[in-house]
Structure formats: C-alpha cells, structure tokens
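Presented below is the structure to which this report refers.
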Amino acid sequence: EAGVTQFPSHSVIEKGQTVTLRCDPISGHDNLYWYRRVMGKEIKFLLHFVKESKQDESGMPNNRFLAERTGGTYSTLKVQPAELEDSGVYFCASSQDQVHGGSPLHFGNGTRLTVT
Amino acid sequence: AQSVTQLDSQVPVFEEAPVELRCNYSSSVSVYLFWYVQYPNQGLQLLLKYLSGSTLVKGINGFEAEFNKSQTSFHLRKPSVHISDTAEYFCAGTGGGNKLTFGTGTQLKVEL
C-alpha cells in the first residue's frame with residue numbers, strides 16, 4: 001500500500017510569490033488533513049476534508065491560504081501571496097475513518113516551505 | 001484551552017539505557033491520546049494510541065505508554081533504547097473532534 005505522498009519535498013520562494021503544495025492520500029481514505037509546523041513550535045491543524053468537502057477549516061491562518069480537494073482524491077494547498085511567517089513544514093495526513101472514532105492519521109513526509 | 005505539553009525539548013540517553021518522554025494533557029484533549037515518531041526526513045509514524053480500556057498501552061518498537069488520569073499524564077517509556085530510536089517524538093490528543101492537538105515534540109538522541 002502506497003503511503004501519503006507530498007510534492008514538492010522542499011520549496012523556496014520569495015515573499016509575494018505563490019506556491020502550491022500537493023498531497024496524494026492513501027487510496028480509499030476519505031479523510032484528508034493539512035497540518036503545519038512552524039520552526040520549533042508544535043504541529044498545528046489547518047483543515048480537514050471528508051471526500052471533497054471541507055469539514056473543518058478553523059485552523060487556516062488567513063485568506064491567503066486556499067485548500068482544494070477536487071473529486072475527493074488528491075488535495076492542493078495554495079499560498080498566495082506568501083509571507084515570511086508562512087515558512088514551515090506542511091504535513092498532509094489521511095485516515096480511513098475519522099479521528100473521533102479513534103482512527104490514527106497516516107502522515108506524508110511533509111513539504112518544507114521557505115519564504116525569503 | 002486544549003493543550004498537550006511535552007516538558008522536555010531534548011532528551012539525551014545512552015544506548016541500552018531506559019528512557020521516559022513526558023507528556024501532560026489538559027482534560028479537554030483526553031478522549032484519545034497518541035504518540036507519533038518522526039525519523040529524520042520522514043513523516044510522522046504512529047507509535048501507539050490510547051482510546052479506552054487498559055491504561056498501559058503497548059506500541060511498536062518496544063515502546064509503551066501509561067495513561068494516568070489523576071496526573072493527566074501520558075508518558076512514553078522504553079526499557080532499553082537503541083541507536084535507531086534517535087528521532088523526534090510527538091504526543092497528541094483529541095477531545096473527541098477530528099483535530100489533533102500536538103505537543104512541541106521531544107528530540108530523543110541516543111548515544112553510544
């Protein structure tokens with residue numbers, strides 16, 4: 001079984017540019033999550049999809065962040081325009097059932113975003 | 001407020017010694033508790049989880065954790081560590097929703 005894959009693994013962009021991160025969940029996992037870890041801090045929840053619908057986007061920092069999951073398969077997270085404070089590691093995770101049912105998350109390797 | 005606290009940012013230990021990584025949680029994230037491990041250049045991997053039942057939970061790679069309600073703790077232990085256990089360890093919890101609240105992580109460094 002292929003795991004959660006994320007592209008790119010690293011991205012370095014200038015302030016004001018746009019970046020799009022991609023996540024391919026484990027096949028058959030309806031639940032897809034985005035998390036972010038800013039340097040040295042805790043991993044924080046961004047949002048949760050169930051299939052193509054946004055179940056919870058309470059963790060999205062502001063309207064410069066846009067997440068989509070067309071067709072309920074892969075997901076993209078776009079940051080436009082990027083700011084310095086957006087630097088960090090963006091993790092995608094998927095699960096077959098929802099976390100509140102005790103289902104663990106399967107994480108990708110993350111995308112390290114550096115905004116200069 | 002929901003919170004998970006990992007008291008130690010770094011824990012150095014010699015190979016074959018026992019180790020305990022501490023985690024305390026607030027009551028609002030105590031429905032389910034997890035420990036994840038991140039090896040260098042990899043994603044987070046589930047070590048173990050506590051959902052209900054026995055308070056002593058056994059996970060992969062010889063790790064175990066004990067849910068202690070009175071002390072609001074969920075410390076991770078291993079009786080004898082190996083060099084390959086060098087990684088960052090994250091405690092996480094949920095209050096019943098779908099968001100995991102993570103601690104800040106503990107870097108375990110196993111030395112020869």
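By order of appearance in the structure tokens: chains A, B, ..., then residues from 1 within every chain, and ligands from 1 in the order shown.
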inquiry  = as a list in words, please: the residues near A:Leu47 (cut-off 6 Å, only C-alpha atoms, same-chain neighbours under 2 positions excluded).
reply    = Tyr33, Trp34, Asp56, Glu57 and Gly59 of chain A
Each residue of chain A with at least one atom at most 6 Å from stretch 30-52 of chain B should appear once, together with its nearest atom pair and the corresponding distance in Å (one decimal); atoms considered: only C-alpha atoms; ordering: chain, then increasing residue number; output as JSON lines.
```
{"residue": "A:Phe107", "atom": "CA", "partner": "B:Leu44", "partner_atom": "CA", "distance": 5.5}
{"residue": "A:Gly108", "atom": "CA", "partner": "B:Gly43", "partner_atom": "CA", "distance": 5.0}
{"residue": "A:Asn109", "atom": "CA", "partner": "B:Gly43", "partner_atom": "CA", "distance": 3.7}
```
task = Rank A:Leu105, A:Leu84, A:Ala2, A:Ala93 by their smallest atom-to-atom distance to A:Val38, using only C-alpha atoms, and report the top residue only.
result =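 Ranked by minimum distance to A:Val38, first place goes to A:Leu84.
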List as a compact mmCIF listing (two decimals) with N, CA, C and O atoms, in the first residue's frame the protein and nucleic acid residues near B:Thr5, meaning an atom at most 10 Å away when only C-alpha atoms are counted, but skip any in the same chain fewer than 2 places from it.
```txt
# COMPACT_ATOMS: atom_id res chain seq x y z
N GLU A 42 4.80 23.70 17.87
CA GLU A 42 4.01 22.49 17.75
C GLU A 42 3.41 22.38 16.37
O GLU A 42 3.30 23.34 15.62
N SER B 3 -4.68 21.57 25.33
CA SER B 3 -3.24 21.65 25.25
C SER B 3 -2.60 20.31 25.57
O SER B 3 -3.14 19.49 26.32
N LEU B 7 7.34 18.29 28.24
CA LEU B 7 8.17 19.08 29.13
C LEU B 7 9.62 19.17 28.69
O LEU B 7 10.33 20.09 29.06
N ASP B 8 10.07 18.20 27.94
CA ASP B 8 11.48 18.15 27.55
C ASP B 8 11.62 18.33 26.04
O ASP B 8 11.05 17.57 25.28
N ARG B 22 8.13 12.68 28.60
CA ARG B 22 6.96 13.10 29.36
C ARG B 22 5.94 13.86 28.51
O ARG B 22 6.30 14.64 27.64
N CYS B 23 4.71 13.62 28.84
CA CYS B 23 3.61 14.31 28.16
C CYS B 23 2.49 14.53 29.18
O CYS B 23 2.07 13.58 29.86
N ASN B 24 2.02 15.76 29.27
CA ASN B 24 0.86 16.06 30.08
C ASN B 24 -0.21 16.70 29.19
O ASN B 24 0.12 17.40 28.23
N TYR B 25 -1.43 16.47 29.54
CA TYR B 25 -2.52 16.94 28.69
C TYR B 25 -3.57 17.63 29.54
O TYR B 25 -3.69 17.39 30.73
N SER B 26 -4.33 18.49 28.88
CA SER B 26 -5.47 19.08 29.56
C SER B 26 -6.66 18.15 29.38
O SER B 26 -6.70 17.35 28.45
N SER B 73 -1.32 12.61 32.72
CA SER B 73 -0.08 12.34 32.01
C SER B 73 -0.23 11.15 31.08
O SER B 73 -1.08 10.27 31.27
N PHE B 90 6.33 12.96 19.26
CA PHE B 90 5.25 13.90 19.47
C PHE B 90 4.09 13.23 20.21
O PHE B 90 3.62 12.17 19.79
N CYS B 91 3.65 13.89 21.25
CA CYS B 91 2.45 13.47 21.95
C CYS B 91 1.28 14.27 21.37
O CYS B 91 1.44 15.46 21.03
N ALA B 92 0.13 13.65 21.23
CA ALA B 92 -1.02 14.34 20.66
C ALA B 92 -2.29 13.83 21.30
O ALA B 92 -2.36 12.69 21.76
N THR B 101 -4.38 17.80 18.67
CA THR B 101 -3.56 18.84 19.27
C THR B 101 -2.24 18.21 19.65
O THR B 101 -2.20 17.21 20.39
N PHE B 102 -1.17 18.76 19.12
CA PHE B 102 0.16 18.20 19.33
C PHE B 102 0.94 18.97 20.39
O PHE B 102 0.75 20.18 20.57
N GLY B 103 1.87 18.27 21.03
CA GLY B 103 2.87 18.93 21.84
C GLY B 103 3.97 19.45 20.93
O GLY B 103 3.95 19.25 19.72
N THR B 104 4.95 20.10 21.52
CA THR B 104 6.02 20.73 20.76
C THR B 104 7.11 19.75 20.34
O THR B 104 8.04 20.13 19.63
N GLY B 105 7.01 18.50 20.78
CA GLY B 105 7.97 17.48 20.36
C GLY B 105 9.14 17.35 21.32
O GLY B 105 9.55 18.30 21.99
```
Determine, for each residue of stretch 44-98 of chain A having at least one atom at most 9 Å from an atom of stretch 15-26 of chain A, the closest pair of atoms and their separation in Å to one decimal, counting only C-alpha atoms; order by chain and ascending number, as a tab-separated table.
```
residue	atom	partner	partner_atom	distance
A:Thr73	CA	A:Asp24	CA	7.0
A:Tyr74	CA	A:Asp24	CA	4.5
A:Ser75	CA	A:Cys23	CA	5.2
A:Thr76	CA	A:Arg22	CA	4.5
A:Leu77	CA	A:Leu21	CA	5.0
A:Lys78	CA	A:Thr20	CA	4.3
A:Val79	CA	A:Val19	CA	5.4
A:Gln80	CA	A:Thr18	CA	4.7
A:Pro81	CA	A:Gly16	CA	4.6
A:Ala82	CA	A:Gly16	CA	5.0
A:Glu83	CA	A:Lys15	CA	5.1
A:Leu84	CA	A:Lys15	CA	6.3
A:Tyr90	CA	A:Leu21	CA	8.4
A:Phe91	CA	A:Cys23	CA	8.7
A:Cys92	CA	A:Cys23	CA	6.2
A:Ala93	CA	A:Pro25	CA	6.9
A:Ser94	CA	A:Pro25	CA	5.6
A:Ser95	CA	A:Ile26	CA	7.9
A:Gln96	CA	A:Ile26	CA	8.6
```
Using N, CA and C atoms, can you write the selected residues to a file as a PDB file, in the first residue's frame?
```pdb
ATOM      1  N   THR A  73      -9.988  13.191  -4.261  1.00  0.00           N
ATOM      2  CA  THR A  73      -8.763  12.383  -4.293  1.00  0.00           C
ATOM      3  C   THR A  73      -7.619  13.208  -3.732  1.00  0.00           C
ATOM      4  N   TYR A  74      -6.752  13.736  -4.601  1.00  0.00           N
ATOM      5  CA  TYR A  74      -5.624  14.497  -4.090  1.00  0.00           C
ATOM      6  C   TYR A  74      -6.083  15.882  -3.644  1.00  0.00           C
ATOM      7  N   SER A  75      -5.240  16.542  -2.894  1.00  0.00           N
ATOM      8  CA  SER A  75      -5.552  17.881  -2.398  1.00  0.00           C
ATOM      9  C   SER A  75      -4.394  18.821  -2.710  1.00  0.00           C
ATOM     10  N   THR A  76      -4.738  20.077  -2.884  1.00  0.00           N
ATOM     11  CA  THR A  76      -3.719  21.108  -3.040  1.00  0.00           C
ATOM     12  C   THR A  76      -3.920  22.178  -1.981  1.00  0.00           C
ATOM     13  N   LEU A  77      -2.831  22.779  -1.574  1.00  0.00           N
ATOM     14  CA  LEU A  77      -2.847  23.899  -0.643  1.00  0.00           C
ATOM     15  C   LEU A  77      -2.039  25.018  -1.282  1.00  0.00           C
ATOM     16  N   LYS A  78      -2.731  26.097  -1.598  1.00  0.00           N
ATOM     17  CA  LYS A  78      -2.090  27.223  -2.269  1.00  0.00           C
ATOM     18  C   LYS A  78      -1.905  28.355  -1.290  1.00  0.00           C
ATOM     19  N   VAL A  79      -0.730  28.957  -1.332  1.00  0.00           N
ATOM     20  CA  VAL A  79      -0.456  30.134  -0.517  1.00  0.00           C
ATOM     21  C   VAL A  79      -0.169  31.285  -1.480  1.00  0.00           C
ATOM     22  N   GLN A  80      -1.013  32.330  -1.408  1.00  0.00           N
ATOM     23  CA  GLN A  80      -0.916  33.426  -2.361  1.00  0.00           C
ATOM     24  C   GLN A  80      -1.426  34.723  -1.756  1.00  0.00           C
ATOM     25  N   PRO A  81      -0.597  35.749  -1.603  1.00  0.00           N
ATOM     26  CA  PRO A  81       0.852  35.740  -1.765  1.00  0.00           C
ATOM     27  C   PRO A  81       1.535  35.241  -0.498  1.00  0.00           C
ATOM     28  N   ALA A  82       2.669  34.617  -0.651  1.00  0.00           N
ATOM     29  CA  ALA A  82       3.373  34.081   0.513  1.00  0.00           C
ATOM     30  C   ALA A  82       4.028  35.191   1.323  1.00  0.00           C
ATOM     31  N   GLU A  83       4.029  35.017   2.632  1.00  0.00           N
ATOM     32  CA  GLU A  83       4.682  35.920   3.558  1.00  0.00           C
ATOM     33  C   GLU A  83       5.760  35.158   4.327  1.00  0.00           C
ATOM     34  N   LEU A  84       6.656  35.903   4.960  1.00  0.00           N
ATOM     35  CA  LEU A  84       7.769  35.264   5.663  1.00  0.00           C
ATOM     36  C   LEU A  84       7.291  34.279   6.727  1.00  0.00           C
ATOM     37  N   TYR A  90       4.794  21.716   6.039  1.00  0.00           N
ATOM     38  CA  TYR A  90       3.375  21.446   5.853  1.00  0.00           C
ATOM     39  C   TYR A  90       3.188  19.946   5.689  1.00  0.00           C
ATOM     40  N   PHE A  91       2.425  19.390   6.609  1.00  0.00           N
ATOM     41  CA  PHE A  91       2.161  17.961   6.586  1.00  0.00           C
ATOM     42  C   PHE A  91       0.742  17.699   6.091  1.00  0.00           C
ATOM     43  N   CYS A  92       0.636  16.663   5.309  1.00  0.00           N
ATOM     44  CA  CYS A  92      -0.663  16.154   4.915  1.00  0.00           C
ATOM     45  C   CYS A  92      -0.834  14.794   5.582  1.00  0.00           C
ATOM     46  N   ALA A  93      -2.053  14.474   5.950  1.00  0.00           N
ATOM     47  CA  ALA A  93      -2.334  13.180   6.559  1.00  0.00           C
ATOM     48  C   ALA A  93      -3.677  12.682   6.059  1.00  0.00           C
ATOM     49  N   SER A  94      -3.847  11.379   6.086  1.00  0.00           N
ATOM     50  CA  SER A  94      -5.143  10.829   5.707  1.00  0.00           C
ATOM     51  C   SER A  94      -5.527   9.712   6.663  1.00  0.00           C
ATOM     52  N   SER A  95      -6.805   9.433   6.718  1.00  0.00           N
ATOM     53  CA  SER A  95      -7.296   8.334   7.544  1.00  0.00           C
ATOM     54  C   SER A  95      -8.547   7.761   6.915  1.00  0.00           C
ATOM     55  N   GLN A  96      -8.769   6.491   7.201  1.00  0.00           N
ATOM     56  CA  GLN A  96      -9.939   5.830   6.633  1.00  0.00           C
ATOM     57  C   GLN A  96     -11.205   6.293   7.348  1.00  0.00           C
TER      58      GLN A  96
END
```
task = Could you list, as a PyMOL selection string, the residues of chain A having an atom within 7 Å of chain B when counting only C-alpha atoms?
result = chain A and resi 41-45+98-100+102+106-110
message = For the strand (DSSP E or B) assignment from backbone DSSP, which residues of chain B qualify? Please present them as a PyMOL selection string.
response = chain B and resi 4-5+10-14+19-21+24-25+30+32-38+44-50+56-58+64-68+73-78+87-94+101-102+106-111
task = Work out how far atom CA of B:Phe63 is from atom CA of B:Gly93, in Å to one decimal.
result = 17.7 Å
task = Using only C-alpha atoms, determine which residues lie at most 9 Å from A:Gly88, disregarding the query and same-chain residues fewer than 4 positions distant; provide the list as a PyMOL selection string.
result = chain A and resi 36-39+111-115
Write out as a compact mmCIF listing (two decimals) with C-alpha atoms, in the first residue's frame the residues lying within 8 Å of B:Leu56, counting only C-alpha atoms and excluding same-chain residues fewer than 4 positions away.
```txt
# COMPACT_ATOMS: atom_id res chain seq x y z
CA GLU B 64 4.76 1.70 25.83
CA ALA B 65 2.83 4.50 27.48
CA GLU B 66 0.65 4.75 30.55
CA PHE B 67 -2.50 6.83 30.71
```
task = Show which residues sit within 10 Å of B:Pro79, as a list in words. Count only C-alpha atoms, and ignore same-chain residues fewer than 6 positions away.
result =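 Close residues of B:Pro79: Glu16, Ala17, Pro18, Val19, Glu20, Gly62, Phe63 and Glu64 of chain B.
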inquiry  = For the helix (DSSP H, G or I) assignment from backbone DSSP, which residues of chain B qualify? Please present them as a ChimeraX atom specification.
reply    = /B:27-29,60-62,83-85
With all heavy atoms kept, could you save the residues just selected as a PDB file, in the first residue's frame?
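To be explicit, this is the file written out as result-v3.pdb:
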```pdb
ATOM      1  N   SER B  27      -7.616  18.279  30.242  1.00  0.00           N
ATOM      2  CA  SER B  27      -8.744  17.347  30.247  1.00  0.00           C
ATOM      3  C   SER B  27      -9.536  17.385  28.947  1.00  0.00           C
ATOM      4  O   SER B  27     -10.158  16.401  28.556  1.00  0.00           O
ATOM      5  CB  SER B  27      -9.682  17.646  31.421  1.00  0.00           C
ATOM      6  OG  SER B  27     -10.130  18.984  31.333  1.00  0.00           O
ATOM      7  N   SER B  28      -9.482  18.490  28.249  1.00  0.00           N
ATOM      8  CA  SER B  28     -10.281  18.623  27.030  1.00  0.00           C
ATOM      9  C   SER B  28      -9.696  17.880  25.842  1.00  0.00           C
ATOM     10  O   SER B  28     -10.329  17.804  24.790  1.00  0.00           O
ATOM     11  CB  SER B  28     -10.451  20.096  26.682  1.00  0.00           C
ATOM     12  OG  SER B  28      -9.199  20.715  26.564  1.00  0.00           O
ATOM     13  N   VAL B  29      -8.489  17.368  25.974  1.00  0.00           N
ATOM     14  CA  VAL B  29      -7.910  16.588  24.869  1.00  0.00           C
ATOM     15  C   VAL B  29      -7.642  15.161  25.295  1.00  0.00           C
ATOM     16  O   VAL B  29      -6.801  14.468  24.725  1.00  0.00           O
ATOM     17  CB  VAL B  29      -6.608  17.222  24.317  1.00  0.00           C
ATOM     18  CG1 VAL B  29      -6.895  18.558  23.696  1.00  0.00           C
ATOM     19  CG2 VAL B  29      -5.539  17.331  25.387  1.00  0.00           C
ATOM     20  N   ILE B  60       4.669   0.010  18.905  1.00  0.00           N
ATOM     21  CA  ILE B  60       5.691  -0.624  18.089  1.00  0.00           C
ATOM     22  C   ILE B  60       7.083  -0.342  18.643  1.00  0.00           C
ATOM     23  O   ILE B  60       7.268   0.576  19.453  1.00  0.00           O
ATOM     24  CB  ILE B  60       5.598  -0.157  16.625  1.00  0.00           C
ATOM     25  CG1 ILE B  60       5.831   1.366  16.526  1.00  0.00           C
ATOM     26  CG2 ILE B  60       4.256  -0.534  16.018  1.00  0.00           C
ATOM     27  CD1 ILE B  60       5.968   1.869  15.102  1.00  0.00           C
ATOM     28  N   ASN B  61       8.036  -1.125  18.209  1.00  0.00           N
ATOM     29  CA  ASN B  61       9.447  -0.914  18.548  1.00  0.00           C
ATOM     30  C   ASN B  61       9.729  -0.953  20.050  1.00  0.00           C
ATOM     31  O   ASN B  61      10.695  -0.336  20.513  1.00  0.00           O
ATOM     32  CB  ASN B  61       9.960   0.416  17.972  1.00  0.00           C
ATOM     33  CG  ASN B  61       9.832   0.468  16.460  1.00  0.00           C
ATOM     34  OD1 ASN B  61       9.732  -0.566  15.792  1.00  0.00           O
ATOM     35  ND2 ASN B  61       9.806   1.669  15.916  1.00  0.00           N
ATOM     36  N   GLY B  62       8.910  -1.653  20.812  1.00  0.00           N
ATOM     37  CA  GLY B  62       9.171  -1.824  22.229  1.00  0.00           C
ATOM     38  C   GLY B  62       8.741  -0.672  23.122  1.00  0.00           C
ATOM     39  O   GLY B  62       9.029  -0.668  24.319  1.00  0.00           O
ATOM     40  N   ILE B  83      20.236   2.828  19.154  1.00  0.00           N
ATOM     41  CA  ILE B  83      20.664   3.999  18.381  1.00  0.00           C
ATOM     42  C   ILE B  83      19.617   4.383  17.343  1.00  0.00           C
ATOM     43  O   ILE B  83      19.417   5.563  17.045  1.00  0.00           O
ATOM     44  CB  ILE B  83      22.039   3.744  17.726  1.00  0.00           C
ATOM     45  CG1 ILE B  83      22.668   5.061  17.290  1.00  0.00           C
ATOM     46  CG2 ILE B  83      21.956   2.757  16.605  1.00  0.00           C
ATOM     47  CD1 ILE B  83      23.411   5.739  18.387  1.00  0.00           C
ATOM     48  N   SER B  84      18.905   3.403  16.812  1.00  0.00           N
ATOM     49  CA  SER B  84      17.898   3.657  15.783  1.00  0.00           C
ATOM     50  C   SER B  84      16.648   4.345  16.326  1.00  0.00           C
ATOM     51  O   SER B  84      15.775   4.751  15.552  1.00  0.00           O
ATOM     52  CB  SER B  84      17.489   2.346  15.094  1.00  0.00           C
ATOM     53  OG  SER B  84      16.942   1.455  16.045  1.00  0.00           O
ATOM     54  N   ASP B  85      16.539   4.492  17.629  1.00  0.00           N
ATOM     55  CA  ASP B  85      15.405   5.211  18.225  1.00  0.00           C
ATOM     56  C   ASP B  85      15.603   6.718  18.200  1.00  0.00           C
ATOM     57  O   ASP B  85      14.699   7.469  18.575  1.00  0.00           O
ATOM     58  CB  ASP B  85      15.178   4.753  19.675  1.00  0.00           C
ATOM     59  CG  ASP B  85      14.718   3.314  19.773  1.00  0.00           C
ATOM     60  OD1 ASP B  85      13.919   2.885  18.911  1.00  0.00           O
ATOM     61  OD2 ASP B  85      15.159   2.607  20.710  1.00  0.00           O
TER      62      ASP B  85
END
```
